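**Q** Questions regarding the structure given below will be posed in turn.
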Amino acid sequence: MTLSNILIVSAVIFVIGLLGTISKKSTVLVIMSMELMFNAAALSFVAFSRFAPGGLLGVESASRVLSGQVMAIFIIAIGAAEAALALSLVIAIYREKSSIEITNSIDIKEA
Amino acid sequence: MFIDAIFYLVSILLISNSLLILFSKNVYRSAVFLAFSMLCFAAMYFMLSAEFIGVIQILVYVGAVSVLIALSVMLVKDVEKSTDNNKLLYYSSIVGLIFLVLISFFIVNFNWDDFSNEILNNSNCLLSSCGADPGILIESTNWLGKLITTDFMVAFQLSGLILLASLIGALALLRVRMNNDSE
């Protein structure tokens, strides 16, 4: 388990999420793929934090070693906020259009 | 080694669950596979000795976001036909493969040891315990709390503000629709 292995796993998950975001018609699947991309980024942050040079955690080294984990916490918070807002938007679009295809949601602003 | 075997097992599970999100025929099953893939992410975090992040991942993603997605799949009705691809599938797979090959080439060929030594030389590390080895993450949750409440205080409060704004935004979107329905 080296840094390169984890980064490659993270890149594969990111590409899977990118593919789903571009190529799916359903809005719910696009949101799921975006969650995958968020988590791939958070995984690479945590991997960098694990393999950062540090030694025993102290006042000098905690900020350098653990900043990646703090970024992962922020990514999780932003991902949860984004999921709640986007799913409420999906339900709003579905009430207006009776469909959740992403091409139907172009004129949502006048509704 | 044992941890390597576990790592490869979790990686295979993670990638296959993520692919099954895209290629299963039912959106509800995709939500279940998303929950499994988030569990695999949490297992990754536990193996990277980031226990707090793993627990938060299970609480937020497996407990809240997957349930939210499953509930919204239940609320919208066209479950069967909504896993279709649009016509950008082939272009996006070509673009994704090119991106994956480029970034894997960079990851494999980059010299991470020199990079971490350079970080170590440029940081204000005064104690002799700040070695070049990876950090020994004892009491990492304790240090994480101290770090969030000192260095990242503004970002922490701003993320709380973002959560509040998304809550208000979600409620406002649905409230307007309910008024339109009752008219």
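For the structure tokens, the naming scheme is as follows: chains receive sequential letters (A, B, ...) according to their order of presentation, residues are indexed from 1 within each chain, and ligands are indexed from 1 in presentation order.
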Would you pick out the contacts of Phe156 in chain B at 12 Å or less, using only C-alpha atoms, so that residues sharing its chain but fewer than 2 positions from it are not included, and give the list as an MDAnalysis selection string?
**A** (chainID A and resid 70:71 73:75 77:78) or (chainID B and resid 145 147:154 158:163)
**Q** Do you know which residues are at most 7 Å from range 25-37 of chain A counting only C-alpha atoms, after dropping those on the same chain fewer than 4 positions away, and could you put them as an mmCIF file with N, CA and C atoms, in the first residue's frame?
**A**
```cif
data_model
loop_
_atom_site.group_PDB
_atom_site.id
_atom_site.type_symbol
_atom_site.label_atom_id
_atom_site.label_comp_id
_atom_site.auth_asym_id
_atom_site.auth_seq_id
_atom_site.Cartn_x
_atom_site.Cartn_y
_atom_site.Cartn_z
ATOM 1 N N ILE A 13 -11.515 6.017 -9.662
ATOM 2 C CA ILE A 13 -12.853 6.373 -9.167
ATOM 3 C C ILE A 13 -13.273 7.725 -9.724
ATOM 4 N N PHE A 14 -12.311 8.657 -9.796
ATOM 5 C CA PHE A 14 -12.633 9.981 -10.340
ATOM 6 C C PHE A 14 -13.071 9.886 -11.795
ATOM 7 N N GLY A 17 -16.552 8.525 -12.023
ATOM 8 C CA GLY A 17 -17.517 9.573 -11.717
ATOM 9 C C GLY A 17 -17.648 10.584 -12.836
ATOM 10 N N LEU A 18 -16.521 10.903 -13.487
ATOM 11 C CA LEU A 18 -16.553 11.844 -14.621
ATOM 12 C C LEU A 18 -17.372 11.281 -15.766
ATOM 13 N N GLY A 20 -19.757 9.040 -15.579
ATOM 14 C CA GLY A 20 -21.173 9.051 -15.241
ATOM 15 C C GLY A 20 -21.758 10.445 -15.300
ATOM 16 N N THR A 21 -20.985 11.447 -14.880
ATOM 17 C CA THR A 21 -21.497 12.814 -14.903
ATOM 18 C C THR A 21 -21.753 13.282 -16.321
ATOM 19 N N ALA A 41 -11.554 12.692 -4.571
ATOM 20 C CA ALA A 41 -10.669 13.794 -4.176
ATOM 21 C C ALA A 41 -10.334 13.719 -2.687
ATOM 22 N N GLY A 79 -20.025 18.112 0.307
ATOM 23 C CA GLY A 79 -20.734 17.081 -0.451
ATOM 24 C C GLY A 79 -22.128 16.840 0.097
ATOM 25 N N VAL A 90 -33.926 18.290 -7.829
ATOM 26 C CA VAL A 90 -34.450 17.195 -8.658
ATOM 27 C C VAL A 90 -35.945 17.030 -8.431
ATOM 28 N N ILE A 100 -37.065 13.308 -14.878
ATOM 29 C CA ILE A 100 -35.827 13.810 -14.289
ATOM 30 C C ILE A 100 -34.686 13.764 -15.283
ATOM 31 N N GLU A 101 -35.015 13.735 -16.586
ATOM 32 C CA GLU A 101 -33.936 13.806 -17.566
ATOM 33 C C GLU A 101 -33.324 15.201 -17.547
ATOM 34 N N ILE A 102 -32.007 15.227 -17.741
ATOM 35 C CA ILE A 102 -31.298 16.473 -17.483
ATOM 36 C C ILE A 102 -31.513 17.476 -18.602
ATOM 37 N N SER B 82 -34.658 5.321 -16.383
ATOM 38 C CA SER B 82 -33.805 6.473 -16.145
ATOM 39 C C SER B 82 -32.337 6.117 -16.020
ATOM 40 N N THR B 83 -31.947 4.914 -16.395
ATOM 41 C CA THR B 83 -30.517 4.610 -16.406
ATOM 42 C C THR B 83 -29.928 4.704 -17.804
ATOM 43 N N ASP B 84 -30.646 5.331 -18.731
ATOM 44 C CA ASP B 84 -30.133 5.413 -20.096
ATOM 45 C C ASP B 84 -28.926 6.331 -20.177
ATOM 46 N N ASN B 85 -28.091 6.050 -21.170
ATOM 47 C CA ASN B 85 -26.975 6.941 -21.450
ATOM 48 C C ASN B 85 -27.390 7.913 -22.535
ATOM 49 N N ASN B 86 -26.772 9.079 -22.555
ATOM 50 C CA ASN B 86 -27.011 9.951 -23.700
ATOM 51 C C ASN B 86 -25.970 9.651 -24.767
#
```
**Q** Nearest residue to chain A out of B:Asn121, B:Thr141, B:Ser92, B:Ser24, using only C-alpha atoms?
**A** B:Ser92
**Q** Can you work out which one of B:Asn111, B:Ser166, B:Ser37, B:Ser16 has the shortest atom-to-atom distance to chain A, counting only C-alpha atoms?
**A**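 Checking each candidate against chain A, we get B:Ser166 as the closest.
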**Q** So how far away is CA of Phe7 in chain B from CA of Ile6 in chain A, in Å?
**A**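 Interatomic distance here is 9.0 Å.
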**Q** Under the rule that only C-alpha atoms are counted, which of A:Thr103, A:Ser49, A:Phe38, A:Lys24 is the nearest residue to chain B?
**A**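 For chain B, the nearest of the given residues is A:Lys24.
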**Q** Could you work out how far CA of Ile69 in chain B lies from CA of Leu100 in chain B, giving the answer in Å with one decimal?
**A**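 Taking CA of Leu100 in chain B as the start and CA of Ile69 in chain B as the end point, the length is 27.8 Å.
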**Q** Skipping near chain neighbours, those fewer than 6 positions away, what residues fall within 12 Å of Ile168 in chain B using only C-alpha atoms, listed as a VMD selection string?
**A** (chain A and resid 81 84 to 85 88) or (chain B and resid 161 to 162 174 to 175)
**Q** Of the residues A:Leu3, A:Ala80, A:Leu19, A:Val9, which is the one nearest to Gly63 in chain B, using only C-alpha atoms?
**A** A:Ala80
**Q** Can you work out which one of B:Met47, B:Asn142, B:Ser116, B:Gln157 has the shortest atom-to-atom distance to chain A, counting only C-alpha atoms?
**A**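 Among B:Met47, B:Asn142, B:Ser116, B:Gln157, it is B:Ser116 that comes nearest to chain A.
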**Q** Can you tell me, as a ChimeraX atom specification, which residues in range 8-70 of chain A count as alpha helix (DSSP H) by DSSP?
**A** /A:8-23,27-50,62-70
**Q** By how many Å are CA of Ile138 in chain B and CA of Trp112 in chain B apart?
**A**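 It comes out at 23.6 Å.
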**Q** Using only C-alpha atoms, which residues sit within 10 Å of Phe45 in chain A once same-chain residues fewer than 2 positions away are excluded, as number ranges by chain?
**A** A: 7, 10, 39-43, 47-50, 66-72, 75
**Q** Pick the closest to chain A from B:Glu118, B:Ala42, B:Leu48, B:Ala35: which is it, counting only C-alpha atoms?
**A**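 That would be B:Leu48, the residue with the smallest distance to chain A.
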